[in-house]
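K.L.:
Questions regarding the structure given below will be posed in turn.
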Amino acid sequence: MYILKTTFTLLFCALPFLTHAAQSCNSAIPRSAPDSRYIDHGDRTVTDSETGLMWKQCSEGLSDSGCVSGAIETFNWQEAMARAESINSGAGFAGYTDWRVPDIKELASLVEIACYSPAINETLFPATPASGFWSASPHALSSDYAWVVLFSNGGDNDDAKSDAYRLRLVRAGQ
């Protein structure tokens with residue numbers, strides 16, 4: 001079962017036309033993550049007023065306004081954890097040194113249920129690929145697996161920690 005899920009997810013996330021397709025939204029579904037829910041601090045961070053969490057606007061590897069500079073990076077789970085530690089041990093980001101990989105519930109809170117490809121608020125989180133992002137949540141049944149949120153459709157999946165996924169960091173906020 002794990003092999004089938006992992007193979008499907010890897011194939012699904014690796015398809016270039018799925019990761020670069022234009023976002024589609026259903027206007028009949030109320031927005032779960034409207035612009036008004038977020039505070040843009042102007043330093044490439046955004047605070048979610050519902051959860052109190054502060055997020056990096058760009059996926060790891062991207063920077064600048066609109067997240068247009070650089071290249072989106074992928075990490076295995078251990079590398080994702082190490083990336084947060086590395087950022088914090090240096091100068092940090094936006095003046096903060098307590099960035100971390102979000103747990104599955106925190107990461108899933110970014111899902112915009114009215115949209116897909118990607119299923120996220122693109123105004124506040126630009127250039128987010130419609131693919132999987134690591135959470136810090138390990139799988140209960142196997143220490144070799146952890147949870148991923150798929151921003152292609154907003155679902156989640158358990159995958160091998162050795163697989164490569166994207167990363168968006170979070171901190172507790174104010």
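Each chain in the structure tokens gets a letter, A, B, ..., in the order shown, and its residues are numbered from 1; ligands are numbered from 1 in order too.
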Quick one: pick out all helix (DSSP H, G or I) residues within region 79-157 of chain A from a backbone DSSP run and write them as a PDB file with C-alpha atoms, in the first residue's frame.
P.N.:
```
ATOM      1  CA  GLU A  79      17.072  17.715   4.807  1.00  0.00           C
ATOM      2  CA  ALA A  80      13.870  19.715   5.359  1.00  0.00           C
ATOM      3  CA  MET A  81      14.387  19.605   9.129  1.00  0.00           C
ATOM      4  CA  ALA A  82      18.038  20.579   8.674  1.00  0.00           C
ATOM      5  CA  ARG A  83      17.078  23.506   6.405  1.00  0.00           C
ATOM      6  CA  ALA A  84      15.079  25.143   9.192  1.00  0.00           C
ATOM      7  CA  GLU A  85      17.977  24.654  11.633  1.00  0.00           C
ATOM      8  CA  SER A  86      20.411  26.107   9.104  1.00  0.00           C
ATOM      9  CA  ILE A  87      18.340  29.252   8.560  1.00  0.00           C
ATOM     10  CA  ASN A  88      17.995  29.753  12.319  1.00  0.00           C
ATOM     11  CA  SER A  89      21.684  29.202  13.072  1.00  0.00           C
ATOM     12  CA  ILE A 104       0.479  18.546   9.213  1.00  0.00           C
ATOM     13  CA  LYS A 105      -2.415  20.558  10.693  1.00  0.00           C
ATOM     14  CA  GLU A 106      -0.527  23.841  10.375  1.00  0.00           C
ATOM     15  CA  LEU A 107       0.438  23.168   6.774  1.00  0.00           C
ATOM     16  CA  ALA A 108      -3.073  22.017   5.875  1.00  0.00           C
TER      17      ALA A 108
END
```
K.L.:
Near region 94-101 of chain A, within 12 Å and counting only C-alpha atoms, which residues show up once chain neighbours fewer than 2 positions away are dropped, as a ChimeraX atom specification?
P.N.:
/A:41-46,53-57,59-60,63,75,77-92,103-107,133-138,147-148,166-174
K.L.:
Record the distance separating CA of Gly155 (chain A) and CA of Cys115 (chain A), expressed in Å with one decimal.
P.N.:
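A separation of 11.9 Å between them.
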K.L.:
Do a neighbour search on Ala127 (chain A) at 10 Å with only C-alpha atoms, toss out local chain neighbours closer than 4 positions, and write the hits as a ChimeraX atom specification.
P.N.:
/A:20,57-59,62,66-68,72,118,122-123
K.L.:
Take the residues from that selection and write them out as a PDB file, in the first residue's frame, keeping C-alpha atoms.
P.N.:
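New file result.pdb:
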```
ATOM      1  CA  HIS A  20       3.040  24.760 -13.711  1.00  0.00           C
ATOM      2  CA  GLN A  57       5.611  33.696   1.557  1.00  0.00           C
ATOM      3  CA  CYS A  58       7.971  31.892  -0.793  1.00  0.00           C
ATOM      4  CA  SER A  59       8.673  28.194  -1.071  1.00  0.00           C
ATOM      5  CA  LEU A  62      12.536  31.276  -4.119  1.00  0.00           C
ATOM      6  CA  GLY A  66       6.365  37.627  -6.033  1.00  0.00           C
ATOM      7  CA  CYS A  67       8.777  34.744  -5.295  1.00  0.00           C
ATOM      8  CA  VAL A  68      10.274  35.025  -8.785  1.00  0.00           C
ATOM      9  CA  ILE A  72      12.244  25.957  -5.899  1.00  0.00           C
ATOM     10  CA  PRO A 118      -2.385  25.030  -6.602  1.00  0.00           C
ATOM     11  CA  GLU A 122      -1.788  32.674  -4.719  1.00  0.00           C
ATOM     12  CA  THR A 123      -1.967  36.364  -3.842  1.00  0.00           C
TER      13      THR A 123
END
```
K.L.:
Please return as a PyMOL selection string: the residues of region 90-169 of chain A that backbone DSSP assigns to strand (DSSP E or B).
P.N.:
chain A and resi 93+96+100+111+115-116+120+132-138+145-150+156-160+165-166
K.L.:
So that I have them on file, write out the residues from the current selection with N, CA and C atoms, as a PDB file, in the first residue's frame.
P.N.:
```pdb
ATOM      1  N   PHE A  93      15.651  34.696   9.116  1.00  0.00           N
ATOM      2  CA  PHE A  93      14.922  35.259   7.983  1.00  0.00           C
ATOM      3  C   PHE A  93      13.967  36.315   8.506  1.00  0.00           C
ATOM      4  N   TYR A  96      13.973  36.922  12.274  1.00  0.00           N
ATOM      5  CA  TYR A  96      13.557  35.864  13.201  1.00  0.00           C
ATOM      6  C   TYR A  96      14.447  34.636  13.048  1.00  0.00           C
ATOM      7  N   ARG A 100      10.605  26.932  11.503  1.00  0.00           N
ATOM      8  CA  ARG A 100      10.544  25.468  11.612  1.00  0.00           C
ATOM      9  C   ARG A 100       9.673  24.917  10.505  1.00  0.00           C
ATOM     10  N   VAL A 111      -4.388  25.433   2.927  1.00  0.00           N
ATOM     11  CA  VAL A 111      -5.137  24.948   1.763  1.00  0.00           C
ATOM     12  C   VAL A 111      -6.343  25.842   1.499  1.00  0.00           C
ATOM     13  N   CYS A 115      -9.949  26.148  -4.614  1.00  0.00           N
ATOM     14  CA  CYS A 115      -9.013  26.164  -5.747  1.00  0.00           C
ATOM     15  C   CYS A 115      -8.182  24.884  -5.826  1.00  0.00           C
ATOM     16  N   TYR A 116      -7.609  24.671  -6.988  1.00  0.00           N
ATOM     17  CA  TYR A 116      -6.650  23.586  -7.176  1.00  0.00           C
ATOM     18  C   TYR A 116      -5.606  24.019  -8.193  1.00  0.00           C
ATOM     19  N   ILE A 120      -4.027  26.925  -2.869  1.00  0.00           N
ATOM     20  CA  ILE A 120      -3.497  27.873  -1.882  1.00  0.00           C
ATOM     21  C   ILE A 120      -3.839  29.274  -2.357  1.00  0.00           C
ATOM     22  N   GLY A 132       3.702  18.477  -3.680  1.00  0.00           N
ATOM     23  CA  GLY A 132       3.751  18.140  -2.270  1.00  0.00           C
ATOM     24  C   GLY A 132       4.744  18.976  -1.481  1.00  0.00           C
ATOM     25  N   PHE A 133       4.377  19.262  -0.217  1.00  0.00           N
ATOM     26  CA  PHE A 133       5.224  19.992   0.730  1.00  0.00           C
ATOM     27  C   PHE A 133       5.315  19.181   2.011  1.00  0.00           C
ATOM     28  N   TRP A 134       6.529  19.086   2.559  1.00  0.00           N
ATOM     29  CA  TRP A 134       6.742  18.343   3.795  1.00  0.00           C
ATOM     30  C   TRP A 134       6.081  19.008   4.993  1.00  0.00           C
ATOM     31  N   SER A 135       5.584  18.161   5.889  1.00  0.00           N
ATOM     32  CA  SER A 135       5.225  18.590   7.235  1.00  0.00           C
ATOM     33  C   SER A 135       6.246  17.952   8.179  1.00  0.00           C
ATOM     34  N   ALA A 136       6.286  18.418   9.397  1.00  0.00           N
ATOM     35  CA  ALA A 136       7.177  17.839  10.407  1.00  0.00           C
ATOM     36  C   ALA A 136       6.563  16.612  11.066  1.00  0.00           C
ATOM     37  N   SER A 137       5.343  16.271  10.687  1.00  0.00           N
ATOM     38  CA  SER A 137       4.607  15.189  11.349  1.00  0.00           C
ATOM     39  C   SER A 137       5.004  13.813  10.822  1.00  0.00           C
ATOM     40  N   PRO A 138       5.619  13.003  11.675  1.00  0.00           N
ATOM     41  CA  PRO A 138       5.936  11.639  11.255  1.00  0.00           C
ATOM     42  C   PRO A 138       4.666  10.789  11.214  1.00  0.00           C
ATOM     43  N   TYR A 145       8.191   7.078   7.412  1.00  0.00           N
ATOM     44  CA  TYR A 145       7.222   7.884   6.667  1.00  0.00           C
ATOM     45  C   TYR A 145       6.849   9.147   7.437  1.00  0.00           C
ATOM     46  N   ALA A 146       6.458  10.181   6.687  1.00  0.00           N
ATOM     47  CA  ALA A 146       5.970  11.434   7.272  1.00  0.00           C
ATOM     48  C   ALA A 146       4.849  11.963   6.380  1.00  0.00           C
ATOM     49  N   TRP A 147       4.135  12.967   6.883  1.00  0.00           N
ATOM     50  CA  TRP A 147       2.980  13.504   6.175  1.00  0.00           C
ATOM     51  C   TRP A 147       3.351  14.665   5.264  1.00  0.00           C
ATOM     52  N   VAL A 148       2.698  14.699   4.122  1.00  0.00           N
ATOM     53  CA  VAL A 148       2.908  15.701   3.073  1.00  0.00           C
ATOM     54  C   VAL A 148       1.547  16.302   2.734  1.00  0.00           C
ATOM     55  N   VAL A 149       1.494  17.612   2.493  1.00  0.00           N
ATOM     56  CA  VAL A 149       0.284  18.247   1.960  1.00  0.00           C
ATOM     57  C   VAL A 149       0.505  18.445   0.470  1.00  0.00           C
ATOM     58  N   LEU A 150      -0.473  18.012  -0.308  1.00  0.00           N
ATOM     59  CA  LEU A 150      -0.400  18.111  -1.770  1.00  0.00           C
ATOM     60  C   LEU A 150      -1.164  19.357  -2.211  1.00  0.00           C
ATOM     61  N   ASP A 156      -3.727  15.297   1.588  1.00  0.00           N
ATOM     62  CA  ASP A 156      -2.475  14.949   2.253  1.00  0.00           C
ATOM     63  C   ASP A 156      -2.164  13.494   1.984  1.00  0.00           C
ATOM     64  N   ASN A 157      -0.948  13.124   2.275  1.00  0.00           N
ATOM     65  CA  ASN A 157      -0.493  11.774   1.991  1.00  0.00           C
ATOM     66  C   ASN A 157       0.682  11.459   2.898  1.00  0.00           C
ATOM     67  N   ASP A 158       0.870  10.197   3.192  1.00  0.00           N
ATOM     68  CA  ASP A 158       2.063   9.767   3.916  1.00  0.00           C
ATOM     69  C   ASP A 158       3.059   9.247   2.888  1.00  0.00           C
ATOM     70  N   ASP A 159       4.287   9.685   2.995  1.00  0.00           N
ATOM     71  CA  ASP A 159       5.311   9.249   2.051  1.00  0.00           C
ATOM     72  C   ASP A 159       6.619   8.981   2.764  1.00  0.00           C
ATOM     73  N   ALA A 160       7.464   8.233   2.083  1.00  0.00           N
ATOM     74  CA  ALA A 160       8.769   7.877   2.639  1.00  0.00           C
ATOM     75  C   ALA A 160       9.585   9.137   2.893  1.00  0.00           C
ATOM     76  N   TYR A 165      10.422  16.465  -1.594  1.00  0.00           N
ATOM     77  CA  TYR A 165       9.279  17.378  -1.665  1.00  0.00           C
ATOM     78  C   TYR A 165       9.741  18.803  -1.398  1.00  0.00           C
ATOM     79  N   ARG A 166       8.825  19.732  -1.613  1.00  0.00           N
ATOM     80  CA  ARG A 166       9.104  21.142  -1.375  1.00  0.00           C
ATOM     81  C   ARG A 166       8.939  21.466   0.120  1.00  0.00           C
TER      82      ARG A 166
END
```
K.L.:
A:Ile39, A:Asn76, A:Asp64, A:Phe125: which is nearest Asp144 (chain A), counting only C-alpha atoms?
P.N.:
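Smallest distance to Asp144 (chain A) is found for A:Asn76.
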